[in-house]
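A.B. asks: Below is a structure I'd like to ask you about.
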Amino acid sequence: MGGTSRRFGIIAALRERESSGRGQRVTSSLFESTAYLVAQHMAQYELTGEAPPPMSVKRPAWGVYDIFETRDGDRLFVGVVTETQWEVFCREFAQPQLAADPRLKTNGMRVKERAWLLPQLAEVMKNIRKRACNEARSDWIAVRPDREALGPAR
């Protein structure tokens with residue numbers, strides 16, 4: 001992880017050199033990089049008082065953050081982590097009943113409902129062609145720049 005942090009530092013230093021002509025000193029810390037990785041778990045402990053489970057036990061922080069199979073047999077990553085993204089997702093994928101469901105109002109509430117929500121979203125995605133999502137993605141950004149983009153992971 002320290003190497004990844006260093007890589008970003010090097011890229012930032014090179015960009016600075018391109019724009020100002022001045023070099024930069026780059027350092028990275030394995031400890032700080034690792035602390036960054038576990039910060040979410042530390043924060044969850046402070047908020048809930050529950051120790052985080054072992055990494056092998058799935059305990060997601062986001063209600064919708066998964067890979068789904070599409071109608072054409074391809075796979076599509078969907079990450080919906082904010083209330084704004086949830087509204088856009090429900091609208092763009094024609095799921096008004098999910099947008100109106102009071103159990104799904106916030107990300108935290110969607111996390112608690114994953115047991116039934118993800119299988120329902122999997123059914124929705126089985127009716128979507130990944131190619132259509134790829135084609136529509138540029139429309140979401142170009143036609144509606146005020147909206148947060150949804151689209152496939154590449």
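Identifiers for the structure tokens are assigned positionally: chains receive A, B, ... in sequence, residues are indexed from 1 per chain, and ligands are indexed from 1 in the order shown.
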Where in region 76-107 of chain A does DSSP assign alpha helix (DSSP H), given as a list in words?
C.D. replies: Glu83, Thr84, Gln85, Trp86, Glu87, Val88, Phe89, Cys90, Arg91, Glu92, Pro96, Gln97, Leu98, Ala99, Ala100 and Asn107 of chain A
A.B. asks: Limited to N, CA and C atoms, could you put the picked residues into a file as a PDB file, in the first residue's frame?
C.D. replies:
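What ended up in selection.pdb:
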ATOM      1  N   GLU A  83     -27.605   9.325  -1.374  1.00  0.00           N
ATOM      2  CA  GLU A  83     -29.035   9.452  -1.607  1.00  0.00           C
ATOM      3  C   GLU A  83     -29.302  10.016  -3.004  1.00  0.00           C
ATOM      4  N   THR A  84     -28.464  10.951  -3.458  1.00  0.00           N
ATOM      5  CA  THR A  84     -28.620  11.499  -4.808  1.00  0.00           C
ATOM      6  C   THR A  84     -28.435  10.406  -5.849  1.00  0.00           C
ATOM      7  N   GLN A  85     -27.408   9.590  -5.681  1.00  0.00           N
ATOM      8  CA  GLN A  85     -27.192   8.490  -6.629  1.00  0.00           C
ATOM      9  C   GLN A  85     -28.363   7.522  -6.605  1.00  0.00           C
ATOM     10  N   TRP A  86     -28.939   7.266  -5.434  1.00  0.00           N
ATOM     11  CA  TRP A  86     -30.082   6.360  -5.328  1.00  0.00           C
ATOM     12  C   TRP A  86     -31.264   6.910  -6.130  1.00  0.00           C
ATOM     13  N   GLU A  87     -31.537   8.201  -5.995  1.00  0.00           N
ATOM     14  CA  GLU A  87     -32.628   8.824  -6.749  1.00  0.00           C
ATOM     15  C   GLU A  87     -32.394   8.689  -8.249  1.00  0.00           C
ATOM     16  N   VAL A  88     -31.162   8.980  -8.682  1.00  0.00           N
ATOM     17  CA  VAL A  88     -30.834   8.893 -10.107  1.00  0.00           C
ATOM     18  C   VAL A  88     -30.929   7.448 -10.578  1.00  0.00           C
ATOM     19  N   PHE A  89     -30.381   6.538  -9.808  1.00  0.00           N
ATOM     20  CA  PHE A  89     -30.424   5.121 -10.183  1.00  0.00           C
ATOM     21  C   PHE A  89     -31.871   4.653 -10.369  1.00  0.00           C
ATOM     22  N   CYS A  90     -32.708   4.939  -9.389  1.00  0.00           N
ATOM     23  CA  CYS A  90     -34.108   4.491  -9.456  1.00  0.00           C
ATOM     24  C   CYS A  90     -34.826   5.105 -10.650  1.00  0.00           C
ATOM     25  N   ARG A  91     -34.541   6.362 -10.936  1.00  0.00           N
ATOM     26  CA  ARG A  91     -35.168   7.026 -12.077  1.00  0.00           C
ATOM     27  C   ARG A  91     -34.666   6.431 -13.400  1.00  0.00           C
ATOM     28  N   GLU A  92     -33.358   6.308 -13.551  1.00  0.00           N
ATOM     29  CA  GLU A  92     -32.788   5.851 -14.821  1.00  0.00           C
ATOM     30  C   GLU A  92     -33.085   4.382 -15.108  1.00  0.00           C
ATOM     31  N   PRO A  96     -39.415   3.234  -9.663  1.00  0.00           N
ATOM     32  CA  PRO A  96     -40.023   4.220  -8.759  1.00  0.00           C
ATOM     33  C   PRO A  96     -40.477   3.618  -7.432  1.00  0.00           C
ATOM     34  N   GLN A  97     -40.843   2.336  -7.447  1.00  0.00           N
ATOM     35  CA  GLN A  97     -41.279   1.701  -6.198  1.00  0.00           C
ATOM     36  C   GLN A  97     -40.122   1.596  -5.206  1.00  0.00           C
ATOM     37  N   LEU A  98     -38.906   1.424  -5.698  1.00  0.00           N
ATOM     38  CA  LEU A  98     -37.748   1.393  -4.800  1.00  0.00           C
ATOM     39  C   LEU A  98     -37.423   2.796  -4.292  1.00  0.00           C
ATOM     40  N   ALA A  99     -37.549   3.785  -5.170  1.00  0.00           N
ATOM     41  CA  ALA A  99     -37.287   5.166  -4.756  1.00  0.00           C
ATOM     42  C   ALA A  99     -38.268   5.601  -3.668  1.00  0.00           C
ATOM     43  N   ALA A 100     -39.487   5.094  -3.736  1.00  0.00           N
ATOM     44  CA  ALA A 100     -40.522   5.495  -2.781  1.00  0.00           C
ATOM     45  C   ALA A 100     -40.524   4.652  -1.506  1.00  0.00           C
ATOM     46  N   ASN A 107     -28.515   5.462   2.742  1.00  0.00           N
ATOM     47  CA  ASN A 107     -27.565   4.380   2.486  1.00  0.00           C
ATOM     48  C   ASN A 107     -27.548   3.389   3.646  1.00  0.00           C
TER      49      ASN A 107
END
A.B. asks: Quick one: residues within 10 Å of Leu118 (chain A), only C-alpha atoms counted, chain neighbours fewer than 3 positions away excluded, as a count of residues only?
C.D. replies: 15
A.B. asks: Mind checking DSSP for region 27-146 of chain A and telling me the strand (DSSP E) residues as a PDB file with C-alpha atoms, in the first residue's frame?
C.D. replies:
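Just written: out22.pdb:
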ATOM      1  CA  VAL A  64     -25.633  -1.089  -3.399  1.00  0.00           C
ATOM      2  CA  TYR A  65     -22.045  -1.826  -4.336  1.00  0.00           C
ATOM      3  CA  ASP A  66     -21.915  -5.047  -6.281  1.00  0.00           C
ATOM      4  CA  ILE A  67     -21.517  -6.779  -9.614  1.00  0.00           C
ATOM      5  CA  PHE A  68     -24.643  -7.934 -11.432  1.00  0.00           C
ATOM      6  CA  GLU A  69     -25.188 -10.149 -14.449  1.00  0.00           C
ATOM      7  CA  ARG A  75     -21.262  -8.333 -15.768  1.00  0.00           C
ATOM      8  CA  LEU A  76     -21.987  -4.789 -14.643  1.00  0.00           C
ATOM      9  CA  PHE A  77     -20.673  -3.091 -11.515  1.00  0.00           C
ATOM     10  CA  VAL A  78     -23.219  -0.849  -9.807  1.00  0.00           C
ATOM     11  CA  GLY A  79     -22.202   1.432  -6.963  1.00  0.00           C
ATOM     12  CA  VAL A  80     -24.900   3.586  -5.389  1.00  0.00           C
TER      13      VAL A  80
END
A.B. asks: Quick one: residues within 12 Å of Asp74 (chain A), only C-alpha atoms counted, chain neighbours fewer than 4 positions away excluded, as an MDAnalysis selection string?
C.D. replies: chainID A and resid 67:70 125:134 152:153
A.B. asks: Kindly export the residues of the current selection with all heavy atoms, as a compact mmCIF listing (two decimals), in the first residue's frame.
C.D. replies:
# COMPACT_ATOMS: atom_id res chain seq x y z
N ILE A 67 -21.58 -6.43 -8.20
CA ILE A 67 -21.52 -6.78 -9.61
C ILE A 67 -22.75 -7.62 -9.93
O ILE A 67 -23.06 -8.57 -9.22
CB ILE A 67 -20.23 -7.57 -9.94
CG1 ILE A 67 -19.02 -6.68 -9.65
CG2 ILE A 67 -20.23 -8.04 -11.39
CD1 ILE A 67 -17.69 -7.40 -9.75
N PHE A 68 -23.42 -7.25 -11.03
CA PHE A 68 -24.64 -7.93 -11.43
C PHE A 68 -24.49 -8.48 -12.84
O PHE A 68 -23.80 -7.89 -13.67
CB PHE A 68 -25.83 -6.96 -11.40
CG PHE A 68 -26.11 -6.40 -10.04
CD1 PHE A 68 -25.57 -5.19 -9.65
CD2 PHE A 68 -26.90 -7.09 -9.15
CE1 PHE A 68 -25.82 -4.66 -8.39
CE2 PHE A 68 -27.16 -6.58 -7.88
CZ PHE A 68 -26.62 -5.36 -7.51
N GLU A 69 -25.18 -9.59 -13.10
CA GLU A 69 -25.19 -10.15 -14.45
C GLU A 69 -26.26 -9.45 -15.26
O GLU A 69 -27.37 -9.19 -14.78
CB GLU A 69 -25.47 -11.65 -14.40
CG GLU A 69 -25.28 -12.30 -15.75
CD GLU A 69 -25.31 -13.82 -15.68
OE1 GLU A 69 -24.82 -14.37 -14.69
OE2 GLU A 69 -25.84 -14.42 -16.61
N THR A 70 -25.93 -9.15 -16.53
CA THR A 70 -26.86 -8.46 -17.41
C THR A 70 -27.52 -9.45 -18.36
O THR A 70 -27.15 -10.63 -18.41
CB THR A 70 -26.14 -7.38 -18.23
OG1 THR A 70 -25.10 -7.99 -19.00
CG2 THR A 70 -25.55 -6.30 -17.32
N MET A 125 -31.26 -5.96 -13.32
CA MET A 125 -30.09 -5.96 -14.19
C MET A 125 -30.14 -7.07 -15.24
O MET A 125 -29.58 -6.91 -16.32
CB MET A 125 -28.81 -6.08 -13.36
CG MET A 125 -28.53 -4.89 -12.49
SD MET A 125 -28.32 -3.39 -13.46
CE MET A 125 -29.44 -2.31 -12.62
N LYS A 126 -30.84 -8.15 -14.93
CA LYS A 126 -30.97 -9.24 -15.91
C LYS A 126 -31.78 -8.80 -17.13
O LYS A 126 -31.78 -9.47 -18.15
CB LYS A 126 -31.63 -10.46 -15.27
CG LYS A 126 -30.69 -11.23 -14.39
CD LYS A 126 -31.38 -12.46 -13.81
CE LYS A 126 -30.45 -13.18 -12.86
NZ LYS A 126 -31.11 -14.30 -12.19
N ASN A 127 -32.49 -7.68 -17.02
CA ASN A 127 -33.27 -7.16 -18.15
C ASN A 127 -32.55 -6.03 -18.87
O ASN A 127 -33.12 -5.42 -19.78
CB ASN A 127 -34.63 -6.66 -17.65
CG ASN A 127 -35.47 -7.81 -17.14
OD1 ASN A 127 -35.58 -8.83 -17.79
ND2 ASN A 127 -36.04 -7.64 -15.97
N ILE A 128 -31.35 -5.73 -18.46
CA ILE A 128 -30.56 -4.63 -19.04
C ILE A 128 -29.40 -5.21 -19.83
O ILE A 128 -28.74 -6.14 -19.38
CB ILE A 128 -29.99 -3.73 -17.90
CG1 ILE A 128 -31.09 -3.21 -17.00
CG2 ILE A 128 -29.13 -2.62 -18.46
CD1 ILE A 128 -32.00 -2.21 -17.59
N ARG A 129 -29.17 -4.65 -21.01
CA ARG A 129 -27.98 -5.04 -21.77
C ARG A 129 -26.82 -4.13 -21.34
O ARG A 129 -26.98 -2.93 -21.26
CB ARG A 129 -28.21 -4.89 -23.27
CG ARG A 129 -29.10 -5.94 -23.87
CD ARG A 129 -29.24 -5.82 -25.38
NE ARG A 129 -29.58 -4.46 -25.82
CZ ARG A 129 -28.71 -3.63 -26.43
NH1 ARG A 129 -27.48 -4.00 -26.69
NH2 ARG A 129 -29.09 -2.42 -26.78
N LYS A 130 -25.66 -4.70 -21.09
CA LYS A 130 -24.51 -3.90 -20.68
C LYS A 130 -24.16 -2.89 -21.78
O LYS A 130 -23.82 -1.75 -21.49
CB LYS A 130 -23.31 -4.79 -20.38
CG LYS A 130 -22.11 -3.99 -19.89
CD LYS A 130 -20.97 -4.87 -19.48
CE LYS A 130 -19.81 -4.04 -18.97
NZ LYS A 130 -18.69 -4.88 -18.57
N ARG A 131 -24.27 -3.30 -23.01
CA ARG A 131 -23.96 -2.39 -24.12
C ARG A 131 -24.85 -1.15 -24.07
O ARG A 131 -24.39 -0.04 -24.31
CB ARG A 131 -24.11 -3.11 -25.45
CG ARG A 131 -23.75 -2.27 -26.63
CD ARG A 131 -23.91 -3.05 -27.92
NE ARG A 131 -23.63 -2.17 -29.03
CZ ARG A 131 -22.78 -2.45 -29.99
NH1 ARG A 131 -22.15 -3.61 -29.98
NH2 ARG A 131 -22.58 -1.60 -30.96
N ALA A 132 -26.11 -1.32 -23.72
CA ALA A 132 -27.01 -0.18 -23.60
C ALA A 132 -26.54 0.76 -22.50
O ALA A 132 -26.64 1.98 -22.63
CB ALA A 132 -28.44 -0.65 -23.34
N CYS A 133 -26.04 0.21 -21.42
CA CYS A 133 -25.52 1.05 -20.33
C CYS A 133 -24.28 1.80 -20.80
O CYS A 133 -24.12 2.98 -20.49
CB CYS A 133 -25.18 0.19 -19.11
SG CYS A 133 -26.63 -0.41 -18.25
N ASN A 134 -23.41 1.14 -21.54
CA ASN A 134 -22.22 1.80 -22.05
C ASN A 134 -22.60 2.96 -22.97
O ASN A 134 -22.01 4.03 -22.91
CB ASN A 134 -21.32 0.82 -22.81
CG ASN A 134 -20.54 -0.08 -21.90
OD1 ASN A 134 -20.27 0.26 -20.76
ND2 ASN A 134 -20.19 -1.25 -22.39
N PRO A 152 -21.05 1.47 -16.09
CA PRO A 152 -20.28 0.26 -15.86
C PRO A 152 -18.83 0.54 -15.48
O PRO A 152 -18.27 1.55 -15.89
CB PRO A 152 -20.34 -0.46 -17.20
CG PRO A 152 -20.53 0.65 -18.19
CD PRO A 152 -21.34 1.71 -17.50
N ALA A 153 -18.27 -0.32 -14.68
CA ALA A 153 -16.85 -0.25 -14.38
C ALA A 153 -16.10 -0.76 -15.58
O ALA A 153 -16.55 -1.64 -16.30
CB ALA A 153 -16.53 -1.12 -13.17
A.B. asks: When you count only C-alpha atoms, which of these residues is closest to Ser29 (chain A): A:Leu117, A:Ile10, A:Tyr45, A:Gly2?
C.D. replies: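 Of A:Leu117, A:Ile10, A:Tyr45, A:Gly2, the one nearest Ser29 (chain A), counting only C-alpha atoms, is A:Gly2.
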A.B. asks: Rounded to one decimal in Å, what is the spacing between CA of Met42 (chain A) and CA of Val81 (chain A)?
C.D. replies: 19.2 Å
A.B. asks: How many Å lie between CA of Gly9 (chain A) and CA of Arg22 (chain A), rounded to one decimal?
C.D. replies: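 Taking CA of Gly9 (chain A) as the start and CA of Arg22 (chain A) as the end point, the length is 14.5 Å.
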A.B. asks: Quick one: residues within 8 Å of region 12-15 of chain A, only C-alpha atoms counted, chain neighbours fewer than 3 positions away excluded, as a PyMOL selection string?
C.D. replies: chain A and resi 8-9+18-19+23-26
A.B. asks: Selected residues, all heavy atoms, written as a PDB file, in the first residue's frame, please.
C.D. replies:
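Output (selection23.pdb):
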ATOM      1  N   PHE A   8       1.194   7.707  -6.384  1.00  0.00           N
ATOM      2  CA  PHE A   8       0.378   8.915  -6.526  1.00  0.00           C
ATOM      3  C   PHE A   8       1.200  10.165  -6.233  1.00  0.00           C
ATOM      4  O   PHE A   8       1.042  11.201  -6.891  1.00  0.00           O
ATOM      5  CB  PHE A   8      -0.852   8.858  -5.615  1.00  0.00           C
ATOM      6  CG  PHE A   8      -1.906   7.918  -6.093  1.00  0.00           C
ATOM      7  CD1 PHE A   8      -2.354   6.896  -5.268  1.00  0.00           C
ATOM      8  CD2 PHE A   8      -2.455   8.031  -7.362  1.00  0.00           C
ATOM      9  CE1 PHE A   8      -3.327   6.010  -5.701  1.00  0.00           C
ATOM     10  CE2 PHE A   8      -3.436   7.155  -7.801  1.00  0.00           C
ATOM     11  CZ  PHE A   8      -3.871   6.148  -6.968  1.00  0.00           C
ATOM     12  N   GLY A   9       2.088  10.071  -5.251  1.00  0.00           N
ATOM     13  CA  GLY A   9       2.961  11.195  -4.943  1.00  0.00           C
ATOM     14  C   GLY A   9       3.877  11.534  -6.101  1.00  0.00           C
ATOM     15  O   GLY A   9       4.101  12.712  -6.415  1.00  0.00           O
ATOM     16  N   GLU A  18       5.778  19.747 -14.415  1.00  0.00           N
ATOM     17  CA  GLU A  18       5.299  20.173 -15.730  1.00  0.00           C
ATOM     18  C   GLU A  18       4.738  21.593 -15.694  1.00  0.00           C
ATOM     19  O   GLU A  18       4.946  22.372 -16.616  1.00  0.00           O
ATOM     20  CB  GLU A  18       4.209  19.228 -16.238  1.00  0.00           C
ATOM     21  CG  GLU A  18       4.693  17.893 -16.698  1.00  0.00           C
ATOM     22  CD  GLU A  18       3.542  16.960 -17.074  1.00  0.00           C
ATOM     23  OE1 GLU A  18       2.366  17.396 -17.064  1.00  0.00           O
ATOM     24  OE2 GLU A  18       3.816  15.793 -17.367  1.00  0.00           O
ATOM     25  N   SER A  19       4.006  21.911 -14.632  1.00  0.00           N
ATOM     26  CA  SER A  19       3.346  23.219 -14.587  1.00  0.00           C
ATOM     27  C   SER A  19       4.237  24.332 -14.045  1.00  0.00           C
ATOM     28  O   SER A  19       4.126  25.471 -14.479  1.00  0.00           O
ATOM     29  CB  SER A  19       2.051  23.139 -13.773  1.00  0.00           C
ATOM     30  OG  SER A  19       2.340  22.843 -12.426  1.00  0.00           O
ATOM     31  N   GLY A  23      10.793  20.722  -9.025  1.00  0.00           N
ATOM     32  CA  GLY A  23      10.632  19.355  -8.557  1.00  0.00           C
ATOM     33  C   GLY A  23      10.036  19.301  -7.164  1.00  0.00           C
ATOM     34  O   GLY A  23       9.890  20.325  -6.491  1.00  0.00           O
ATOM     35  N   GLN A  24       9.708  18.108  -6.722  1.00  0.00           N
ATOM     36  CA  GLN A  24       9.115  17.906  -5.406  1.00  0.00           C
ATOM     37  C   GLN A  24       9.786  16.709  -4.743  1.00  0.00           C
ATOM     38  O   GLN A  24      10.209  15.778  -5.414  1.00  0.00           O
ATOM     39  CB  GLN A  24       7.619  17.602  -5.535  1.00  0.00           C
ATOM     40  CG  GLN A  24       6.806  18.706  -6.160  1.00  0.00           C
ATOM     41  CD  GLN A  24       6.655  19.880  -5.232  1.00  0.00           C
ATOM     42  OE1 GLN A  24       6.353  19.712  -4.062  1.00  0.00           O
ATOM     43  NE2 GLN A  24       6.887  21.076  -5.756  1.00  0.00           N
ATOM     44  N   ARG A  25       9.837  16.736  -3.444  1.00  0.00           N
ATOM     45  CA  ARG A  25      10.313  15.579  -2.686  1.00  0.00           C
ATOM     46  C   ARG A  25       9.097  14.699  -2.408  1.00  0.00           C
ATOM     47  O   ARG A  25       8.056  15.176  -1.971  1.00  0.00           O
ATOM     48  CB  ARG A  25      10.944  16.018  -1.371  1.00  0.00           C
ATOM     49  CG  ARG A  25      11.417  14.838  -0.572  1.00  0.00           C
ATOM     50  CD  ARG A  25      12.068  15.259   0.705  1.00  0.00           C
ATOM     51  NE  ARG A  25      12.407  14.058   1.446  1.00  0.00           N
ATOM     52  CZ  ARG A  25      12.994  14.054   2.598  1.00  0.00           C
ATOM     53  NH1 ARG A  25      13.345  15.189   3.155  1.00  0.00           N
ATOM     54  NH2 ARG A  25      13.253  12.928   3.207  1.00  0.00           N
ATOM     55  N   VAL A  26       9.237  13.404  -2.642  1.00  0.00           N
ATOM     56  CA  VAL A  26       8.123  12.472  -2.461  1.00  0.00           C
ATOM     57  C   VAL A  26       8.474  11.468  -1.371  1.00  0.00           C
ATOM     58  O   VAL A  26       9.535  10.845  -1.409  1.00  0.00           O
ATOM     59  CB  VAL A  26       7.814  11.708  -3.773  1.00  0.00           C
ATOM     60  CG1 VAL A  26       6.719  10.691  -3.561  1.00  0.00           C
ATOM     61  CG2 VAL A  26       7.455  12.679  -4.882  1.00  0.00           C
TER      62      VAL A  26
END
A.B. asks: Work out how far CA of His41 (chain A) is from CA of Ile11 (chain A), in Å to one decimal.
C.D. replies: 28.4 Å
